[in-house]
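What follows is a short report on a single structure.
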Amino acid sequence: MTEAAPTTLADLRADIDRIDSEMHALLMERSQIIETLISVKKTQASGSAFRPGREADMMKRLALRHKGLLPLDTVEGIWRIIIATFTYVQAHYSVHADVSGGDPAMRDSARFHFGFTVPFVPHEDARAVIRAVAESAGDLGIFRMDQGASAGIWWRDLIGPDAPKIIARLPFIERPDHPAGTPVYCVAKPLADAAVREIVLYAARVERWSDALRHGLAEHLAEVSASAADGSHLSLLVAASGEVDQAVIRSALAPAGLSDFAEVGSHAARFAVKSVRSSVLMPLL
């Protein structure tokens with residue numbers, strides 16, 4: 001039996017060229033589908049192209065199936081650019097970012113998750129980002145989750161049926177060495193049918209804080225994500241499992257003198273990859 005001739009460098013390079021050509025062809029095929037989608041859904045000016053739940057699910061499936069030498073960072077970055085750019089093609093939008101804690105980390109987050117085609121607009125704080133999104137046709141806004149008390153009660157600017165809402169928590173896939181690992185909230189105008197409700201966020205105002213309140217929330221899969229003095233009261237941003245009815249969360253807050261309660265957004269649950277080379281995801285509360 002004659003042995004097969006060994007693969008040459010020329011053969012390998014030809015395979016790479018073929019794969020590159022096929023990837024380009026698939027991207028162009030995707031763009032043709034998006035062009036049809038635009039005409040069918042009429043999203044060119046509505047901003048309704050955002051699908052945070054679908055995006056989170058895509059990123060999870062991508063990490064689950066990934067293997068080999070190519071770093072997950074690279075694969076995730078490529079997919080994020082593809083998703084964000086085709087969303088931009090459907091309906092142009094900008095990303096407004098709070099750079100009060102430093103421009104580099106926020107710019108890295110915006111560029112990693114939304115690419116370079118989408119315009120980046122810096123702002124002095126989270127409240128300015130929320131105002132810019134509210135005044136836009138369909139822009140996104142991002143700001144750090146760990147704002148601190150000095151940032152004010154920014155989550156109250158999300159109250160109301162027409163006010164912007166939190167639609168995502170980035171990055172979608174978490175790991176210690178993520179190149180854009182700063183945890184940020186993403187806000188947009190309310191999404192009629194695209195929001196994912198694995199984690200639901202509430203703005204609440206109570207008279208006082210106590211450990212009993214914290215334990216009571218924890219018993220119902222909820223926690224306080226942010227808090228700030230609000231006159232003689234305390235304003236809270238509460239994150240709760242979407243499986244828990246909001247009436248239950250209200251009841252847990254009632255002993256603290258609850259006087260105000262409103263939903264201000266939702267996002268996908270967090271997932272963490274054990275390591276850069278790993279494709280195993282772990283759900284986080």
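A note on labels: chains of the structure tokens are A, B, ... as shown, every chain counts residues from 1, and ligands are counted from 1 in their shown order.
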### Task
Just the residues within 9 Å of Val206 (chain A), please, counting only C-alpha atoms, with nothing from its chain fewer than 6 positions along; format it as a ChimeraX atom specification.
/A:233-236,253-260
Once you count only C-alpha atoms, what closest atom pair and distance in Å to one decimal does each residue of region 74-150 of chain A within 10 Å of region 19-39 of chain A have, with rows by chain and rising residue number, as a Markdown table?
```
| residue | atom | partner | partner_atom | distance |
| --- | --- | --- | --- | --- |
| A:Ile82 | CA | A:Leu27 | CA | 8.6 |
| A:Phe86 | CA | A:Ile34 | CA | 7.3 |
| A:Thr87 | CA | A:Ile34 | CA | 8.8 |
| A:Val89 | CA | A:Ile34 | CA | 8.1 |
| A:Gln90 | CA | A:Ile38 | CA | 5.9 |
| A:Ala91 | CA | A:Ile38 | CA | 8.5 |
```
### Message
Need to verify the contact set: Phe261 (chain A), 10 Å, only C-alpha atoms, exclusion of same-chain residues closer than 6 positions in sequence. Can you return it as a PyMOL selection string?
### Response
chain A and resi 159+202-206+235-238+246+249-250+253
### Message
Neighbouring residues of region 98-106 of chain A were defined as those with any atom within 10 Å, considering only C-alpha atoms; residues of the same chain fewer than 5 positions away were excluded. Please report them as an MDAnalysis selection string.
### Response
chainID A and resid 111:112 120:130 141:144 146:147 151 179:184
Just write the chosen residues, N, CA, C and O atoms, as a JSON list (two decimals), in the first residue's frame.
```json
[["chain", "number", "residue", "atom", "x", "y", "z"],
["A", 111, "ARG", "N", -15.26, 49.09, 22.62],
["A", 111, "ARG", "CA", -14.67, 48.59, 21.38],
["A", 111, "ARG", "C", -14.71, 47.06, 21.30],
["A", 111, "ARG", "O", -14.92, 46.50, 20.23],
["A", 112, "PHE", "N", -14.51, 46.40, 22.44],
["A", 112, "PHE", "CA", -14.55, 44.93, 22.44],
["A", 112, "PHE", "C", -15.96, 44.44, 22.14],
["A", 112, "PHE", "O", -16.15, 43.51, 21.35],
["A", 120, "PHE", "N", -18.35, 56.07, 19.43],
["A", 120, "PHE", "CA", -18.15, 56.08, 20.88],
["A", 120, "PHE", "C", -18.25, 57.51, 21.37],
["A", 120, "PHE", "O", -17.54, 58.39, 20.89],
["A", 121, "VAL", "N", -19.16, 57.76, 22.34],
["A", 121, "VAL", "CA", -19.40, 59.12, 22.83],
["A", 121, "VAL", "C", -19.17, 59.15, 24.34],
["A", 121, "VAL", "O", -19.94, 58.55, 25.10],
["A", 122, "PRO", "N", -18.11, 59.83, 24.82],
["A", 122, "PRO", "CA", -17.83, 59.87, 26.26],
["A", 122, "PRO", "C", -18.71, 60.89, 27.00],
["A", 122, "PRO", "O", -19.10, 61.91, 26.43],
["A", 123, "HIS", "N", -19.00, 60.59, 28.28],
["A", 123, "HIS", "CA", -19.79, 61.49, 29.13],
["A", 123, "HIS", "C", -19.17, 61.54, 30.52],
["A", 123, "HIS", "O", -18.38, 60.68, 30.90],
["A", 124, "GLU", "N", -19.59, 62.56, 31.31],
["A", 124, "GLU", "CA", -18.96, 62.80, 32.61],
["A", 124, "GLU", "C", -19.47, 61.90, 33.72],
["A", 124, "GLU", "O", -18.81, 61.74, 34.74],
["A", 125, "ASP", "N", -20.66, 61.30, 33.55],
["A", 125, "ASP", "CA", -21.17, 60.41, 34.59],
["A", 125, "ASP", "C", -22.30, 59.55, 34.04],
["A", 125, "ASP", "O", -22.73, 59.72, 32.89],
["A", 126, "ALA", "N", -22.79, 58.64, 34.88],
["A", 126, "ALA", "CA", -23.83, 57.70, 34.45],
["A", 126, "ALA", "C", -25.13, 58.41, 34.12],
["A", 126, "ALA", "O", -25.83, 58.03, 33.18],
["A", 127, "ARG", "N", -25.47, 59.43, 34.88],
["A", 127, "ARG", "CA", -26.72, 60.13, 34.66],
["A", 127, "ARG", "C", -26.71, 60.84, 33.31],
["A", 127, "ARG", "O", -27.74, 60.91, 32.62],
["A", 128, "ALA", "N", -25.55, 61.36, 32.91],
["A", 128, "ALA", "CA", -25.43, 62.00, 31.59],
["A", 128, "ALA", "C", -25.59, 60.96, 30.49],
["A", 128, "ALA", "O", -26.19, 61.25, 29.44],
["A", 129, "VAL", "N", -25.08, 59.76, 30.72],
["A", 129, "VAL", "CA", -25.25, 58.67, 29.74],
["A", 129, "VAL", "C", -26.73, 58.34, 29.59],
["A", 129, "VAL", "O", -27.24, 58.19, 28.47],
["A", 130, "ILE", "N", -27.43, 58.22, 30.71],
["A", 130, "ILE", "CA", -28.86, 57.89, 30.66],
["A", 130, "ILE", "C", -29.64, 58.98, 29.93],
["A", 130, "ILE", "O", -30.52, 58.68, 29.11],
["A", 141, "GLY", "N", -26.07, 52.93, 26.08],
["A", 141, "GLY", "CA", -25.20, 53.57, 27.05],
["A", 141, "GLY", "C", -24.56, 52.53, 27.93],
["A", 141, "GLY", "O", -25.16, 51.49, 28.22],
["A", 142, "ILE", "N", -23.32, 52.78, 28.36],
["A", 142, "ILE", "CA", -22.64, 51.87, 29.27],
["A", 142, "ILE", "C", -22.00, 52.66, 30.40],
["A", 142, "ILE", "O", -21.52, 53.77, 30.21],
["A", 143, "PHE", "N", -22.02, 52.08, 31.59],
["A", 143, "PHE", "CA", -21.33, 52.67, 32.73],
["A", 143, "PHE", "C", -21.02, 51.57, 33.73],
["A", 143, "PHE", "O", -21.64, 50.51, 33.74],
["A", 144, "ARG", "N", -20.02, 51.82, 34.55],
["A", 144, "ARG", "CA", -19.56, 50.83, 35.52],
["A", 144, "ARG", "C", -20.67, 50.45, 36.48],
["A", 144, "ARG", "O", -21.48, 51.29, 36.88],
["A", 146, "ASP", "N", -19.96, 49.38, 39.56],
["A", 146, "ASP", "CA", -19.49, 49.81, 40.89],
["A", 146, "ASP", "C", -19.31, 51.32, 40.92],
["A", 146, "ASP", "O", -18.21, 51.84, 41.08],
["A", 147, "GLN", "N", -20.41, 52.06, 40.80],
["A", 147, "GLN", "CA", -20.34, 53.51, 40.73],
["A", 147, "GLN", "C", -19.95, 54.16, 42.06],
["A", 147, "GLN", "O", -19.26, 55.16, 42.08],
["A", 151, "ALA", "N", -21.65, 58.83, 42.89],
["A", 151, "ALA", "CA", -22.26, 58.90, 41.56],
["A", 151, "ALA", "C", -23.73, 59.32, 41.63],
["A", 151, "ALA", "O", -24.35, 59.60, 40.61],
["A", 179, "PRO", "N", -10.09, 40.64, 28.40],
["A", 179, "PRO", "CA", -9.48, 41.90, 27.94],
["A", 179, "PRO", "C", -10.39, 43.11, 28.11],
["A", 179, "PRO", "O", -9.92, 44.25, 28.04],
["A", 180, "ALA", "N", -11.68, 42.89, 28.31],
["A", 180, "ALA", "CA", -12.62, 43.98, 28.57],
["A", 180, "ALA", "C", -13.49, 43.57, 29.75],
["A", 180, "ALA", "O", -14.71, 43.52, 29.66],
["A", 181, "GLY", "N", -12.84, 43.27, 30.86],
["A", 181, "GLY", "CA", -13.51, 42.63, 31.99],
["A", 181, "GLY", "C", -14.20, 43.57, 32.96],
["A", 181, "GLY", "O", -14.80, 43.09, 33.92],
["A", 182, "THR", "N", -14.11, 44.88, 32.76],
["A", 182, "THR", "CA", -14.79, 45.81, 33.66],
["A", 182, "THR", "C", -16.29, 45.55, 33.64],
["A", 182, "THR", "O", -16.92, 45.66, 32.58],
["A", 183, "PRO", "N", -16.92, 45.21, 34.77],
["A", 183, "PRO", "CA", -18.37, 44.95, 34.77],
["A", 183, "PRO", "C", -19.14, 46.24, 34.51],
["A", 183, "PRO", "O", -18.97, 47.22, 35.23],
["A", 184, "VAL", "N", -19.95, 46.25, 33.48],
["A", 184, "VAL", "CA", -20.74, 47.43, 33.14],
["A", 184, "VAL", "C", -22.19, 47.05, 32.88],
["A", 184, "VAL", "O", -22.49, 45.93, 32.47]]
```
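DSSP, applied to the backbone of this structure, assigns alpha helix (DSSP H) to the following residues of region 101-188 of chain A: Asp103, Pro104, Ala105, Met106, Arg107, Asp108, Ser109, Ala110, Arg111, Phe112, His113, Phe114, Ala126, Arg127, Ala128, Val129, Ile130, Arg131, Ala132, Val133, Ala134 and Glu135 of chain A.
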### Task
Apply DSSP to the structure's backbone, then extract all residues of region 202-265 of chain A labelled strand (DSSP E) and return them as a list in words.
Tyr202, Ala203, Ala204, Arg205, Val206, Ala222, Glu223, Val224, Ser225, Ala226, Ser227, Ala228, Ala229, Asp230, His233, Leu234, Ser235, Leu236, Leu237, Val238, Ala239, Ala240, Ser241, Asp260, Phe261, Ala262, Glu263, Val264 and Gly265 of chain A
### Task
Excluding Leu170 (chain A) and residues on its chain fewer than 3 positions from it, collect all residues at most 12 Å away from it, counting only C-alpha atoms, and give them as a ChimeraX atom specification.
/A:52,55-56,59,80,106,108-110,112-114,141-145,166-167,173-175,178,180-187,267-272
Once you have the residues from the selection above, write them out as a compact mmCIF listing (two decimals), in the first residue's frame, restricted to N, CA, C and O atoms.
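The result, written out as result-v9.txt:
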```txt
# COMPACT_ATOMS: atom_id res chain seq x y z
N PRO A 52 -30.65 41.61 23.34
CA PRO A 52 -29.66 41.23 24.37
C PRO A 52 -29.76 39.78 24.81
O PRO A 52 -28.74 39.15 25.10
N GLU A 55 -28.21 37.68 22.11
CA GLU A 55 -26.76 37.87 22.09
C GLU A 55 -26.10 37.10 23.23
O GLU A 55 -25.07 36.45 23.04
N ALA A 56 -26.69 37.16 24.42
CA ALA A 56 -26.12 36.44 25.56
C ALA A 56 -26.12 34.94 25.30
O ALA A 56 -25.16 34.23 25.60
N MET A 59 -23.35 34.05 22.83
CA MET A 59 -22.01 34.06 23.42
C MET A 59 -21.80 32.84 24.31
O MET A 59 -20.72 32.26 24.35
N ARG A 80 -18.48 39.37 18.75
CA ARG A 80 -19.08 40.60 19.23
C ARG A 80 -19.08 41.67 18.13
O ARG A 80 -20.06 42.40 17.96
N MET A 106 -13.38 51.95 29.82
CA MET A 106 -14.68 52.07 29.17
C MET A 106 -14.55 51.99 27.66
O MET A 106 -15.38 51.40 26.97
N ASP A 108 -12.17 50.38 26.09
CA ASP A 108 -11.89 48.97 25.80
C ASP A 108 -13.18 48.15 25.79
O ASP A 108 -13.39 47.30 24.92
N SER A 109 -14.05 48.41 26.77
CA SER A 109 -15.31 47.68 26.85
C SER A 109 -16.17 47.96 25.63
O SER A 109 -16.73 47.04 25.02
N ALA A 110 -16.27 49.24 25.26
CA ALA A 110 -17.10 49.61 24.11
C ALA A 110 -16.56 49.01 22.82
O ALA A 110 -17.31 48.46 22.01
N PHE A 112 -14.51 46.40 22.44
CA PHE A 112 -14.55 44.93 22.44
C PHE A 112 -15.96 44.44 22.14
O PHE A 112 -16.15 43.51 21.35
N HIS A 113 -16.97 45.05 22.75
CA HIS A 113 -18.33 44.55 22.62
C HIS A 113 -19.09 45.12 21.42
O HIS A 113 -20.04 44.48 20.94
N PHE A 114 -18.67 46.30 20.92
CA PHE A 114 -19.42 46.94 19.83
C PHE A 114 -18.57 47.28 18.62
O PHE A 114 -19.10 47.77 17.62
N GLY A 141 -26.07 52.93 26.08
CA GLY A 141 -25.20 53.57 27.05
C GLY A 141 -24.56 52.53 27.93
O GLY A 141 -25.16 51.49 28.22
N ILE A 142 -23.32 52.78 28.36
CA ILE A 142 -22.64 51.87 29.27
C ILE A 142 -22.00 52.66 30.40
O ILE A 142 -21.52 53.77 30.21
N PHE A 143 -22.02 52.08 31.59
CA PHE A 143 -21.33 52.67 32.73
C PHE A 143 -21.02 51.57 33.73
O PHE A 143 -21.64 50.51 33.74
N ARG A 144 -20.02 51.82 34.55
CA ARG A 144 -19.56 50.83 35.52
C ARG A 144 -20.67 50.45 36.48
O ARG A 144 -21.48 51.29 36.88
N MET A 145 -20.69 49.20 36.89
CA MET A 145 -21.64 48.77 37.90
C MET A 145 -21.27 49.31 39.28
O MET A 145 -22.14 49.68 40.06
N ILE A 166 -32.00 49.14 31.91
CA ILE A 166 -30.83 48.26 31.80
C ILE A 166 -31.24 47.04 30.99
O ILE A 166 -32.24 46.39 31.29
N ILE A 167 -30.49 46.74 29.93
CA ILE A 167 -30.83 45.60 29.07
C ILE A 167 -29.75 44.52 29.07
O ILE A 167 -29.98 43.42 28.56
N ILE A 173 -19.61 36.87 28.95
CA ILE A 173 -18.88 35.73 29.49
C ILE A 173 -17.75 36.27 30.36
O ILE A 173 -16.92 37.04 29.90
N GLU A 174 -17.70 35.85 31.63
CA GLU A 174 -16.72 36.38 32.56
C GLU A 174 -15.56 35.42 32.76
O GLU A 174 -15.73 34.21 32.75
N ARG A 175 -14.37 35.99 32.93
CA ARG A 175 -13.18 35.23 33.28
C ARG A 175 -12.15 36.21 33.83
O ARG A 175 -12.18 37.40 33.50
N HIS A 178 -10.15 38.54 31.28
CA HIS A 178 -10.90 39.07 30.14
C HIS A 178 -10.31 40.42 29.71
O HIS A 178 -10.05 41.29 30.56
N ALA A 180 -11.68 42.89 28.31
CA ALA A 180 -12.62 43.98 28.57
C ALA A 180 -13.49 43.57 29.75
O ALA A 180 -14.71 43.52 29.66
N GLY A 181 -12.84 43.27 30.86
CA GLY A 181 -13.51 42.63 31.99
C GLY A 181 -14.20 43.57 32.96
O GLY A 181 -14.80 43.09 33.92
N THR A 182 -14.11 44.88 32.76
CA THR A 182 -14.79 45.81 33.66
C THR A 182 -16.29 45.55 33.64
O THR A 182 -16.92 45.66 32.58
N PRO A 183 -16.92 45.21 34.77
CA PRO A 183 -18.37 44.95 34.77
C PRO A 183 -19.14 46.24 34.51
O PRO A 183 -18.97 47.22 35.23
N VAL A 184 -19.95 46.25 33.48
CA VAL A 184 -20.74 47.43 33.14
C VAL A 184 -22.19 47.05 32.88
O VAL A 184 -22.49 45.93 32.47
N TYR A 185 -23.07 48.01 33.14
CA TYR A 185 -24.46 47.90 32.72
C TYR A 185 -24.60 48.55 31.36
O TYR A 185 -23.93 49.56 31.06
N CYS A 186 -25.48 47.99 30.54
CA CYS A 186 -25.80 48.56 29.23
C CYS A 186 -27.26 48.99 29.28
O CYS A 186 -28.14 48.20 29.66
N VAL A 187 -27.53 50.26 28.92
CA VAL A 187 -28.89 50.77 28.95
C VAL A 187 -29.35 51.15 27.55
O VAL A 187 -28.54 51.49 26.69
N HIS A 267 -31.48 41.64 32.78
CA HIS A 267 -30.36 41.17 31.94
C HIS A 267 -30.18 39.67 32.12
O HIS A 267 -30.80 39.04 32.99
N ALA A 268 -29.33 39.09 31.29
CA ALA A 268 -29.03 37.66 31.38
C ALA A 268 -28.21 37.38 32.64
O ALA A 268 -27.47 38.23 33.12
N ALA A 269 -28.36 36.18 33.16
CA ALA A 269 -27.55 35.77 34.30
C ALA A 269 -26.09 35.67 33.89
O ALA A 269 -25.76 35.46 32.72
N ARG A 270 -25.21 35.84 34.85
CA ARG A 270 -23.77 35.80 34.57
C ARG A 270 -23.30 34.36 34.34
O ARG A 270 -23.84 33.41 34.89
N PHE A 271 -22.26 34.24 33.50
CA PHE A 271 -21.59 32.96 33.30
C PHE A 271 -20.09 33.20 33.36
O PHE A 271 -19.61 34.23 32.89
N ALA A 272 -19.38 32.27 33.94
CA ALA A 272 -17.93 32.40 34.05
C ALA A 272 -17.25 31.20 33.43
O ALA A 272 -17.69 30.06 33.61
```
